[in-house]
Every structure is written in C-alpha cells, then in structure tokens.
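Peer 1: So that you have it, the file is final_26.csv, and it contains CSV, N, CA and C atoms:
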chain,number,residue,atom,x,y,z
A,13,MET,N,-3.4,-1.0,-18.2
A,13,MET,CA,-2.5,-1.6,-17.2
A,13,MET,C,-1.9,-0.5,-16.3
A,14,ILE,N,-1.5,0.6,-17.0
A,14,ILE,CA,-0.9,1.7,-16.2
A,14,ILE,C,-1.9,2.3,-15.2
A,15,SER,N,-3.1,2.4,-15.6
A,15,SER,CA,-4.1,3.0,-14.7
A,15,SER,C,-4.3,2.1,-13.5
A,16,GLU,N,-4.2,0.8,-13.7
A,16,GLU,CA,-4.3,-0.1,-12.5
A,16,GLU,C,-3.1,0.1,-11.5
A,17,LYS,N,-1.9,0.4,-12.1
A,17,LYS,CA,-0.8,0.6,-11.2
A,17,LYS,C,-0.9,1.9,-10.5
A,18,ILE,N,-1.5,2.9,-11.1
A,18,ILE,CA,-1.7,4.2,-10.4
A,18,ILE,C,-2.7,4.0,-9.3
A,19,LYS,N,-3.7,3.2,-9.5
A,19,LYS,CA,-4.7,2.9,-8.4
A,19,LYS,C,-4.0,2.2,-7.2
A,20,ILE,N,-3.0,1.4,-7.5
A,20,ILE,CA,-2.3,0.7,-6.4
A,20,ILE,C,-1.5,1.7,-5.6
A,21,ILE,N,-0.8,2.7,-6.2
A,21,ILE,CA,0.0,3.6,-5.5
A,21,ILE,C,-0.7,4.8,-4.9
A,22,LYS,N,-1.7,5.3,-5.6
A,22,LYS,CA,-2.3,6.6,-5.2
A,22,LYS,C,-2.8,6.6,-3.7
A,23,PRO,N,-3.4,5.6,-3.2
A,23,PRO,CA,-4.0,5.7,-1.8
A,23,PRO,C,-2.9,5.8,-0.8
A,24,TYR,N,-1.7,5.4,-1.1
A,24,TYR,CA,-0.6,5.5,-0.1
A,24,TYR,C,0.2,6.8,-0.2
A,25,ILE,N,0.0,7.6,-1.2
A,25,ILE,CA,0.6,8.9,-1.3
A,25,ILE,C,-0.3,10.0,-0.7
A,26,LEU,N,-0.1,10.3,0.6
A,26,LEU,CA,-1.0,11.2,1.3
A,26,LEU,C,-1.0,12.6,0.8
A,27,GLU,N,0.1,13.0,0.3
A,27,GLU,CA,0.2,14.4,-0.2
A,27,GLU,C,-0.6,14.6,-1.5
A,28,ASN,N,-0.8,13.5,-2.3
A,28,ASN,CA,-1.5,13.6,-3.5
A,28,ASN,C,-1.0,14.8,-4.4
A,29,VAL,N,0.3,15.0,-4.4
A,29,VAL,CA,0.9,16.0,-5.2
A,29,VAL,C,1.4,15.5,-6.5
A,30,LEU,N,1.5,14.2,-6.7
A,30,LEU,CA,2.0,13.7,-8.0
A,30,LEU,C,0.9,13.6,-9.0
A,31,SER,N,1.2,13.9,-10.2
A,31,SER,CA,0.3,13.7,-11.3
A,31,SER,C,0.2,12.2,-11.6
A,32,ASP,N,-0.8,11.9,-12.4
A,32,ASP,CA,-1.0,10.5,-12.8
A,32,ASP,C,0.2,10.1,-13.7
A,33,LEU,N,0.8,11.0,-14.4
A,33,LEU,CA,2.0,10.6,-15.2
A,33,LEU,C,3.1,10.3,-14.3
A,34,ALA,N,3.4,11.1,-13.3
A,34,ALA,CA,4.5,10.8,-12.4
A,34,ALA,C,4.2,9.5,-11.7
A,35,LEU,N,3.0,9.2,-11.2
A,35,LEU,CA,2.7,8.0,-10.6
A,35,LEU,C,2.9,6.8,-11.5
A,36,SER,N,2.5,6.9,-12.8
A,36,SER,CA,2.7,5.8,-13.7
A,36,SER,C,4.2,5.6,-14.0
A,37,LEU,N,5.0,6.6,-14.0
A,37,LEU,CA,6.5,6.4,-14.2
A,37,LEU,C,7.1,5.7,-13.0
A,38,ILE,N,6.6,6.1,-11.8
A,38,ILE,CA,7.0,5.4,-10.6
A,38,ILE,C,6.6,3.9,-10.6
A,39,ALA,N,5.4,3.7,-11.0
A,39,ALA,CA,4.9,2.3,-11.0
A,39,ALA,C,5.7,1.5,-12.1
A,40,GLU,N,5.9,2.0,-13.2
A,40,GLU,CA,6.7,1.3,-14.2
A,40,GLU,C,8.1,1.0,-13.8
A,41,ALA,N,8.7,2.0,-13.1
A,41,ALA,CA,10.1,1.7,-12.6
A,41,ALA,C,10.1,0.7,-11.6
A,42,LEU,N,9.1,0.7,-10.7
A,42,LEU,CA,9.1,-0.2,-9.6
A,42,LEU,C,8.8,-1.6,-10.1
A,43,GLU,N,7.9,-1.7,-11.1
A,43,GLU,CA,7.6,-3.0,-11.7
A,43,GLU,C,8.8,-3.6,-12.4
A,44,THR,N,9.6,-2.8,-13.1
A,44,THR,CA,10.8,-3.3,-13.7
A,44,THR,C,11.8,-3.8,-12.7
A,45,LEU,N,11.9,-3.1,-11.6
A,45,LEU,CA,12.8,-3.5,-10.5
A,45,LEU,C,12.3,-4.8,-9.9
A,46,LEU,N,11.0,-4.9,-9.6
A,46,LEU,CA,10.4,-6.1,-9.0
A,46,LEU,C,10.6,-7.3,-9.9
A,47,LEU,N,10.4,-7.1,-11.2
A,47,LEU,CA,10.4,-8.2,-12.1
A,47,LEU,C,11.8,-8.6,-12.5
A,48,SER,N,12.8,-7.9,-12.0
A,48,SER,CA,14.2,-8.2,-12.4
A,48,SER,C,14.7,-9.4,-11.7
A,49,GLN,N,14.0,-9.9,-10.7
A,49,GLN,CA,14.4,-11.2,-10.0
A,49,GLN,C,13.2,-11.9,-9.7
A,50,PRO,N,13.3,-13.2,-9.4
A,50,PRO,CA,12.1,-14.0,-8.9
A,50,PRO,C,11.6,-13.4,-7.6
A,51,ALA,N,10.3,-13.5,-7.4
A,51,ALA,CA,9.7,-12.9,-6.2
A,51,ALA,C,10.3,-13.6,-5.0
A,52,SER,N,10.7,-12.8,-4.0
A,52,SER,CA,11.1,-13.4,-2.7
A,52,SER,C,10.8,-12.3,-1.7
A,53,ILE,N,10.8,-12.7,-0.4
A,53,ILE,CA,10.5,-11.8,0.6
A,53,ILE,C,11.5,-10.7,0.6
A,54,GLU,N,12.8,-11.1,0.6
A,54,GLU,CA,13.9,-10.1,0.6
A,54,GLU,C,13.9,-9.2,-0.6
A,55,HIS,N,13.5,-9.7,-1.7
A,55,HIS,CA,13.5,-8.8,-2.9
A,55,HIS,C,12.3,-7.8,-2.8
A,56,ILE,N,11.2,-8.2,-2.3
A,56,ILE,CA,10.1,-7.3,-2.1
A,56,ILE,C,10.5,-6.2,-1.1
A,57,LYS,N,11.1,-6.6,0.0
A,57,LYS,CA,11.6,-5.7,1.0
A,57,LYS,C,12.6,-4.7,0.5
A,58,ASN,N,13.5,-5.2,-0.3
A,58,ASN,CA,14.5,-4.3,-0.9
A,58,ASN,C,13.8,-3.3,-1.9
A,59,CYS,N,12.9,-3.7,-2.7
A,59,CYS,CA,12.2,-2.9,-3.6
A,59,CYS,C,11.4,-1.8,-2.9
A,60,ALA,N,10.8,-2.2,-1.8
A,60,ALA,CA,10.0,-1.3,-1.0
A,60,ALA,C,10.9,-0.2,-0.4
A,61,LYS,N,12.1,-0.6,0.0
A,61,LYS,CA,13.0,0.4,0.5
A,61,LYS,C,13.4,1.4,-0.5
A,62,VAL,N,13.7,0.9,-1.7
A,62,VAL,CA,14.0,1.7,-2.9
A,62,VAL,C,12.9,2.7,-3.2
A,63,LEU,N,11.7,2.2,-3.2
A,63,LEU,CA,10.5,3.0,-3.5
A,63,LEU,C,10.4,4.1,-2.4
A,64,LYS,N,10.5,3.8,-1.1
A,64,LYS,CA,10.4,4.8,-0.1
A,64,LYS,C,11.5,5.8,-0.2
A,65,ASN,N,12.7,5.4,-0.5
A,65,ASN,CA,13.8,6.4,-0.6
A,65,ASN,C,13.7,7.3,-1.8
A,66,GLU,N,13.2,6.7,-2.9
A,66,GLU,CA,13.1,7.5,-4.1
A,66,GLU,C,12.0,8.6,-3.9
A,67,LEU,N,10.9,8.2,-3.3
A,67,LEU,CA,9.8,9.1,-3.0
A,67,LEU,C,10.3,10.2,-2.1
A,68,LYS,N,11.1,9.8,-1.1
A,68,LYS,CA,11.7,10.8,-0.2
A,68,LYS,C,12.5,11.9,-0.9
A,69,THR,N,13.2,11.5,-2.0
A,69,THR,CA,14.1,12.4,-2.7
A,69,THR,C,13.2,13.5,-3.4
A,70,VAL,N,12.0,13.2,-3.6
A,70,VAL,CA,11.1,14.3,-4.2
A,70,VAL,C,10.1,14.9,-3.1
A,71,GLY,N,10.5,14.6,-1.9
A,71,GLY,CA,9.7,15.3,-0.8
A,71,GLY,C,8.5,14.6,-0.4
A,72,ILE,N,8.3,13.3,-0.7
A,72,ILE,CA,7.1,12.6,-0.3
A,72,ILE,C,7.5,11.5,0.7
A,73,SER,N,6.8,11.5,1.9
A,73,SER,CA,7.1,10.5,2.9
A,73,SER,C,6.0,9.4,2.7
A,74,ILE,N,6.5,8.2,2.9
A,74,ILE,CA,5.6,7.1,2.8
A,74,ILE,C,6.1,6.1,3.9
A,75,LYS,N,5.2,5.4,4.6
A,75,LYS,CA,5.5,4.4,5.6
A,75,LYS,C,6.1,3.2,4.9
A,76,HIS,N,7.1,2.6,5.6
A,76,HIS,CA,7.7,1.4,5.0
A,76,HIS,C,6.6,0.3,4.7
A,77,GLY,N,5.6,0.2,5.6
A,77,GLY,CA,4.6,-0.8,5.4
A,77,GLY,C,3.8,-0.5,4.2
A,78,HIS,N,3.6,0.7,3.9
A,78,HIS,CA,2.8,1.1,2.6
A,78,HIS,C,3.7,0.7,1.4
A,79,SER,N,5.0,1.0,1.5
A,79,SER,CA,5.8,0.6,0.3
A,79,SER,C,5.8,-0.9,0.1
A,80,LEU,N,5.7,-1.7,1.2
A,80,LEU,CA,5.6,-3.1,1.1
A,80,LEU,C,4.3,-3.5,0.4
A,81,GLU,N,3.2,-2.9,0.8
A,81,GLU,CA,1.9,-3.1,0.2
A,81,GLU,C,2.0,-2.9,-1.3
A,82,ILE,N,2.5,-1.7,-1.7
A,82,ILE,CA,2.6,-1.3,-3.1
A,82,ILE,C,3.4,-2.3,-3.9
A,83,SER,N,4.6,-2.7,-3.4
A,83,SER,CA,5.5,-3.6,-4.0
A,83,SER,C,4.8,-5.0,-4.2
A,84,SER,N,4.1,-5.4,-3.2
A,84,SER,CA,3.4,-6.7,-3.2
A,84,SER,C,2.3,-6.7,-4.2
A,85,LYS,N,1.5,-5.6,-4.2
A,85,LYS,CA,0.4,-5.5,-5.2
A,85,LYS,C,0.8,-5.4,-6.6
A,86,ILE,N,1.9,-4.7,-6.9
A,86,ILE,CA,2.4,-4.6,-8.2
A,86,ILE,C,2.8,-6.0,-8.8
A,87,LEU,N,3.3,-6.9,-7.9
A,87,LEU,CA,3.7,-8.2,-8.2
A,87,LEU,C,2.4,-9.1,-8.4
A,88,GLY,N,1.3,-8.6,-8.0
A,88,GLY,CA,0.0,-9.4,-8.2
A,88,GLY,C,-0.5,-10.0,-6.9
A,89,PHE,N,0.2,-9.8,-5.8
A,89,PHE,CA,-0.4,-10.4,-4.5
A,89,PHE,C,-1.5,-9.4,-4.0
A,90,LYS,N,-2.3,-10.0,-3.2
A,90,LYS,CA,-3.4,-9.2,-2.6
A,90,LYS,C,-2.9,-8.1,-1.7
A,91,ASN,N,-1.8,-8.4,-0.9
A,91,ASN,CA,-1.2,-7.4,0.0
A,91,ASN,C,0.1,-8.0,0.5
A,92,TRP,N,0.8,-7.3,1.3
A,92,TRP,CA,2.1,-7.8,1.8
A,92,TRP,C,1.9,-9.0,2.7
A,93,ASP,N,0.9,-9.1,3.5
A,93,ASP,CA,0.7,-10.3,4.3
A,93,ASP,C,0.6,-11.6,3.5
A,94,THR,N,-0.2,-11.4,2.4
A,94,THR,CA,-0.4,-12.6,1.5
A,94,THR,C,0.9,-13.0,0.8
A,95,ALA,N,1.6,-12.0,0.3
A,95,ALA,CA,2.9,-12.2,-0.4
A,95,ALA,C,3.8,-12.9,0.6
A,96,SER,N,3.9,-12.4,1.8
A,96,SER,CA,4.9,-13.0,2.8
A,96,SER,C,4.5,-14.4,3.1
A,97,ALA,N,3.2,-14.7,3.3
A,97,ALA,CA,2.8,-16.1,3.6
A,97,ALA,C,3.0,-17.0,2.5
A,98,ILE,N,2.7,-16.6,1.3
A,98,ILE,CA,2.9,-17.5,0.1
A,98,ILE,C,4.3,-17.7,-0.1
A,99,LEU,N,5.2,-16.7,-0.1
A,99,LEU,CA,6.6,-16.9,-0.4
A,99,LEU,C,7.3,-17.7,0.7
A,100,LYS,N,6.8,-17.6,2.0
A,100,LYS,CA,7.4,-18.4,3.1
A,100,LYS,C,7.0,-19.8,2.9
A,101,ASN,N,5.9,-20.1,2.2
A,101,ASN,CA,5.4,-21.5,1.9
A,101,ASN,C,5.9,-22.0,0.6
A,102,GLY,N,7.0,-21.4,0.1
A,102,GLY,CA,7.6,-21.9,-1.2
A,102,GLY,C,6.8,-21.6,-2.4
A,103,GLY,N,6.0,-20.5,-2.3
A,103,GLY,CA,5.2,-20.0,-3.5
A,103,GLY,C,3.8,-20.7,-3.6
A,104,ARG,N,3.5,-21.5,-2.6
A,104,ARG,CA,2.2,-22.2,-2.7
A,104,ARG,C,1.2,-21.5,-1.7
A,105,THR,N,0.0,-21.4,-2.0
A,105,THR,CA,-1.0,-20.9,-1.1
A,105,THR,C,-1.2,-21.9,0.0
A,106,ILE,N,-1.6,-21.5,1.2
A,106,ILE,CA,-1.8,-22.4,2.3
A,106,ILE,C,-3.2,-22.9,2.4
A,107,GLY,N,-3.4,-24.1,2.6
A,107,GLY,CA,-4.7,-24.7,2.8
A,107,GLY,C,-5.6,-25.0,1.6
A,108,LEU,N,-5.1,-24.8,0.4
A,108,LEU,CA,-5.8,-25.1,-0.8
A,108,LEU,C,-5.2,-26.3,-1.5
A,109,PRO,N,-6.0,-27.1,-2.0
A,109,PRO,CA,-5.5,-28.3,-2.7
A,109,PRO,C,-4.6,-27.9,-3.9
A,110,GLY,N,-3.4,-28.5,-4.0
A,110,GLY,CA,-2.5,-28.3,-5.1
A,110,GLY,C,-1.9,-26.9,-5.1
A,111,GLY,N,-2.1,-26.1,-4.0
A,111,GLY,CA,-1.5,-24.8,-3.9
A,111,GLY,C,-2.3,-23.8,-4.8
A,112,ALA,N,-3.5,-24.1,-5.2
A,112,ALA,CA,-4.3,-23.2,-6.0
A,112,ALA,C,-4.6,-21.9,-5.3
A,113,ALA,N,-4.7,-20.9,-6.1
A,113,ALA,CA,-4.9,-19.6,-5.5
A,113,ALA,C,-6.4,-19.3,-5.4
Reformat the file's structure so that it appears as structure tokens.
Peer 2:
Amino acid sequence: MISEKIKIIKPYILENVLSDLALSLIAEALETLLLSQPASIEHIKNCAKVLKNELKTVGISIKHGHSLEISSKILGFKNWDTASAILKNGGRTIGLPGGAA
C-alpha cells in the first residue's frame, strides 16, 4: 500500500530529491489527515494546502493543482476533477444507474 502512495506523489515532485521513505511518510501523514473527516471538497482543498505548505518548508515547490490531485488520489478518486464532480453530486457518480462507479 505504501508503494502505491509513493507512486501517487512522486510524479508531482519535480525536484525528485525525496527518498521513498520520505515520500511514504508524507503519504501516510496526508492520508491520516484526509481520513480524519468525511470526504468533502473543502476538506480536500484544506489538505492540499497543508501538503503544499509542508513541502515548502523542506524547500519543495508544488503547484496547488498538483496537491489537489495527490489529495484526491490518496482518497481513492481518479483525480481532482472526478472527486469534485462526485462530491458536488452528493457522493454519487453522474450518469450511472444507482450511482455506481
């Protein structure tokens, strides 16, 4: 599971200066923060902001959009756009019978 989280974060860290251990610690911390409340657009945005700011403290810049993607993917969504659409629709996918994914 940790290696999957590293795969989520690594493409967004342009500097590639973090070890897999550091990336896994970031992923675990972010997952804990994300799972501390039910998924919502505001919660994902807040977690993305925390991620961006925490990375900045260790000298790594990341775009806010990338931190939204990472946060959404760790919660199991395909990407930020999908998370946003599903959460705006009350947690149901759009256009599928019974809200099936």
Peer 1: May I ask for the distance between atom N of Gly71 (chain A) and atom N of Ile38 (chain A), given in Å to one decimal place?
Peer 2: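 Separation between atom N of Gly71 (chain A) and atom N of Ile38 (chain A): 13.6 Å.
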Peer 1: For the atom pair atom C of Ser96 (chain A) and CA of His76 (chain A), what is the interatomic distance in Å to one decimal place?
Peer 2: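 Separation of atom C of Ser96 (chain A) and CA of His76 (chain A): 16.2 Å.
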Peer 1: Suppose you want the space between atom N of His78 (chain A) and atom N of Lys100 (chain A); what is it in Å?
Peer 2: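 Taking atom N of His78 (chain A) as the start and atom N of Lys100 (chain A) as the end point, the length is 18.7 Å.
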Peer 1: Determine the nearest neighbour of Gly88 (chain A) from the options A:Leu46, A:Leu35, A:Leu67, A:Val62, counting only C-alpha atoms.
Peer 2: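 Closest residue, counting only C-alpha atoms: A:Leu46.
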Peer 1: For Leu47 (chain A), which residue among A:Ala95, A:Ser83, A:Asn65, A:Asn101 is the nearest when counting only C-alpha atoms?
Peer 2: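 Among the listed residues, A:Ser83 lies closest to Leu47 (chain A).
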Peer 1: Name the residues of region 17-105 of chain A that come out as alpha helix (DSSP H) in a backbone DSSP run; write them as JSON, numbers by chain.
Peer 2: {"A": [17, 18, 19, 20, 21, 32, 33, 34, 35, 36, 37, 38, 39, 40, 41, 42, 43, 44, 45, 46, 53, 54, 55, 56, 57, 58, 59, 60, 61, 62, 63, 64, 65, 66, 67, 68, 69, 76, 77, 78, 79, 80, 81, 82, 83, 84, 85, 86, 92, 93, 94, 95, 96, 97, 98, 99, 100]}
